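Structure first, then comments.
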Amino acid sequence: MKQSSPPLGTLHHAVFAISTLTSRFPVPGDIPEGALFVVTAGQGIVVHTGDTPQIYWQADDLPASCTAGPAEYLGHRDRVPVYAVEIGKSAVLPGSRVETTVRELYGRVPDEDLAIASYAVRMIHSAAASRFCGRCGHSTEPVPAERAWRCPDCGLVVYPRISPAVIVLISQKEKILLARSPRFPAGMHSVIAGFAEPGETLEHAVCREVKEEVGISVKNIRYFASEPWPFPDSLMIAFTAEYDSGEITIDNNEIISAGWFGRDNLPALPAPLSISRALIDRWIQKEGTGQ
Ligand SMILES: [Zn+2]
């Protein structure tokens with residue numbers, strides 16, 4: 001499946017970024033005629049089979065188990081509202097439909113459909129996780145004017161969770177720092193990454209994660225690009241930085257090996273789909289510039 005170009009001004013095509021859905025609030029009380037549906041099943045979705053799997057369903061085709069639960073509004077594609085519904089655990093799928101994970105759809109459907117499929121899964125899970133107030137335990141209600149749920153008893157408003165994570169490519173002269181997490185496939189190395197913590201800036205998160213995981217200090221932190229990563233709810237914010245001081249000292253917990261790699265001795269790298277690979281590829285292309 002051909003990849004579309006990165007939007008103007010960014011250096012990375014974020015596969016899971018939605019570009020064609022627009023939100024129109026308030027959400028209609030009843031689902032309008034002609035609406036389309038994405039049917040989720042746990043962490044995956046149910047598609048129409050074929051050379052190019054189809055992620056959308058018409059209302060008339062939906063199994064009864066889908067219409068029993070709530071429908072989560074995702075946005076409008078042009079004038080057509082799109083909703084996510086969840087298939088029941090005991091539902092029997094018609095012959096032309098099959099359950100698949102979002103990752104298995106990569107390269108088989110347009111990236112925009114992939115983004116919407118993962119968004120549907122996230123919204124169904126967000127709705128389930130927000131059904132009861134986390135402060136007082138009362139049942140919540142959807143807020144009609146935005147993507148949120150409100151507790152009618154104590155007033156708490158909850159939004160779908162987004163977890164910001166920083167990711168940073170550190171360079172020193174003609175080399176970059178790559179590290180191995182115990183979770184990676186054998187041999188694979190990547191850039192340093194970690195979640196931002198309450199009370200810190202993203203730049204601070206970069207410095208802290210680098211110090212914690214490989215023991216060095218960095219300088220000249222610059223924004224690169226961002227990417228929603230829906231497994232399950234990260235927003236990756238990517239940076240470049242330059243080595244400043246210190247010796248590599250790994251934490252042996254999140255990182256089991258790390259080192260400086262030149263363009264001619266790079267280890268196995270992350271898949272091209274990821275923003276970490278985009279950071280590394282961008283650096284490879286800048287050969288000779290010293291960055
Ligand atoms: Zn409450």
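Letters for chains follow the order of the structure tokens (A, B, ...), residue numbers begin at 1 for each chain, and ligand numbers begin at 1 in the order shown.
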
Would you tabulate, counting only C-alpha atoms and all ligand atoms, all residues of chain A that have an atom at most 8 Å from an atom of ligand 1, showing the closest pair of atoms and their distance in Å to one decimal, sorted by chain then ascending number, as a Markdown table?
| residue | atom | partner | partner_atom_place_in_ligand_line | distance |
| --- | --- | --- | --- | --- |
| A:Phe132 | CA | ligand 1 | 1 (Zn) | 7.8 |
| A:Cys133 | CA | ligand 1 | 1 (Zn) | 4.6 |
| A:Gly134 | CA | ligand 1 | 1 (Zn) | 6.7 |
| A:Arg135 | CA | ligand 1 | 1 (Zn) | 5.1 |
| A:Cys136 | CA | ligand 1 | 1 (Zn) | 4.1 |
| A:Gly137 | CA | ligand 1 | 1 (Zn) | 5.9 |
| A:His138 | CA | ligand 1 | 1 (Zn) | 5.3 |
| A:Ser139 | CA | ligand 1 | 1 (Zn) | 7.7 |
| A:Thr140 | CA | ligand 1 | 1 (Zn) | 7.5 |
| A:Arg150 | CA | ligand 1 | 1 (Zn) | 7.9 |
| A:Cys151 | CA | ligand 1 | 1 (Zn) | 4.6 |
| A:Pro152 | CA | ligand 1 | 1 (Zn) | 6.8 |
| A:Asp153 | CA | ligand 1 | 1 (Zn) | 5.2 |
| A:Cys154 | CA | ligand 1 | 1 (Zn) | 4.1 |
| A:Gly155 | CA | ligand 1 | 1 (Zn) | 5.9 |
| A:Leu156 | CA | ligand 1 | 1 (Zn) | 5.5 |

| said: Which residues are close to segment 90-105 of chain A, i.e. within 8 Å by only C-alpha atoms, leaving aside same-chain residues fewer than 3 positions away? Reply as a list in words. | reply: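 Listed by chain and then number, they are Ala41, Gln43, Gly44, Ile45, Val46, Val47, His48, Thr49, Pro63, Ser65, Ile87, Arg108, Val109, Leu114, Ala117 and Ser118 of chain A.
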
| field | Ala71 of chain A environment, 6 Å, only C-alpha atoms, sequence neighbours closer than 5 positions dropped, as a PyMOL selection string | value | chain A and resi 83-85

Write a file of the selected residues as a PDB file, in the first residue's frame, keeping N, CA and C atoms.
ATOM      1  N   TYR A  83     -19.154   6.049  13.506  1.00  0.00           N
ATOM      2  CA  TYR A  83     -19.259   5.595  14.892  1.00  0.00           C
ATOM      3  C   TYR A  83     -18.470   4.305  15.096  1.00  0.00           C
ATOM      4  N   ALA A  84     -18.051   4.072  16.321  1.00  0.00           N
ATOM      5  CA  ALA A  84     -17.465   2.783  16.700  1.00  0.00           C
ATOM      6  C   ALA A  84     -18.476   2.028  17.547  1.00  0.00           C
ATOM      7  N   VAL A  85     -18.621   0.748  17.260  1.00  0.00           N
ATOM      8  CA  VAL A  85     -19.453  -0.131  18.103  1.00  0.00           C
ATOM      9  C   VAL A  85     -18.638  -1.383  18.401  1.00  0.00           C
TER      10      VAL A  85
END

| said: Considering only strand (DSSP E) as DSSP defines it on the backbone, what residues of segment 30-211 of chain A qualify? List them as a PyMOL selection string. | reply: chain A and resi 36-41+44-48+56-58+72-77+80-86+97-101+141-142+149-150+157-158+163-172+175-180+192-195

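Minimum atom-to-atom distances from A:Glu287, A:Asp60, A:Asp281, A:Asp30 to Lys173 of chain A were compared using only C-alpha atoms, and the lowest value belongs to A:Glu287.
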
| field | Pick from A:Asp251, A:Glu200, A:Glu227, A:Asp264 nearest to Glu213 of chain A, counting only C-alpha atoms | value |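 The closest residue to Glu213 of chain A is A:Asp251.
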
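Each of A:Met188, A:Ala179, A:Val218, A:Ala225 was compared to Asn252 of chain A using only C-alpha atoms, and A:Ala179 turns out to be the nearest.
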
| If you count only C-alpha atoms, which residues fall within 6 Å of segment 72-80 of chain A, apart from same-chain ones fewer than 4 positions away, as a list in words? |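 Once the nearby chain positions are removed, what remains is Leu21, Thr22, Ser23, Ala35 and Ala84 of chain A.
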
Residues of the last selection are to be written out with N, CA and C atoms, as a PDB file, in the first residue's frame.
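Final file, out_29.pdb:
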ATOM      1  N   LEU A  21     -11.106  12.776   9.340  1.00  0.00           N
ATOM      2  CA  LEU A  21     -12.281  12.885  10.224  1.00  0.00           C
ATOM      3  C   LEU A  21     -12.281  14.242  10.887  1.00  0.00           C
ATOM      4  N   THR A  22     -13.440  14.896  10.871  1.00  0.00           N
ATOM      5  CA  THR A  22     -13.561  16.136  11.640  1.00  0.00           C
ATOM      6  C   THR A  22     -14.674  15.953  12.670  1.00  0.00           C
ATOM      7  N   SER A  23     -14.486  16.517  13.838  1.00  0.00           N
ATOM      8  CA  SER A  23     -15.471  16.365  14.906  1.00  0.00           C
ATOM      9  C   SER A  23     -16.495  17.476  14.825  1.00  0.00           C
ATOM     10  N   ALA A  35     -25.182   6.769   8.542  1.00  0.00           N
ATOM     11  CA  ALA A  35     -23.923   6.734   9.311  1.00  0.00           C
ATOM     12  C   ALA A  35     -23.142   5.464   8.987  1.00  0.00           C
ATOM     13  N   ALA A  84     -18.051   4.072  16.321  1.00  0.00           N
ATOM     14  CA  ALA A  84     -17.465   2.783  16.700  1.00  0.00           C
ATOM     15  C   ALA A  84     -18.476   2.028  17.547  1.00  0.00           C
TER      16      ALA A  84
END

| message | Here is a test: counting only C-alpha atoms, which residue of A:Arg122, A:Arg147, A:Lys89, A:Arg180 is nearest to Pro270 of chain A? | response |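 Nearest candidate to Pro270 of chain A out of A:Arg122, A:Arg147, A:Lys89, A:Arg180: A:Arg180.
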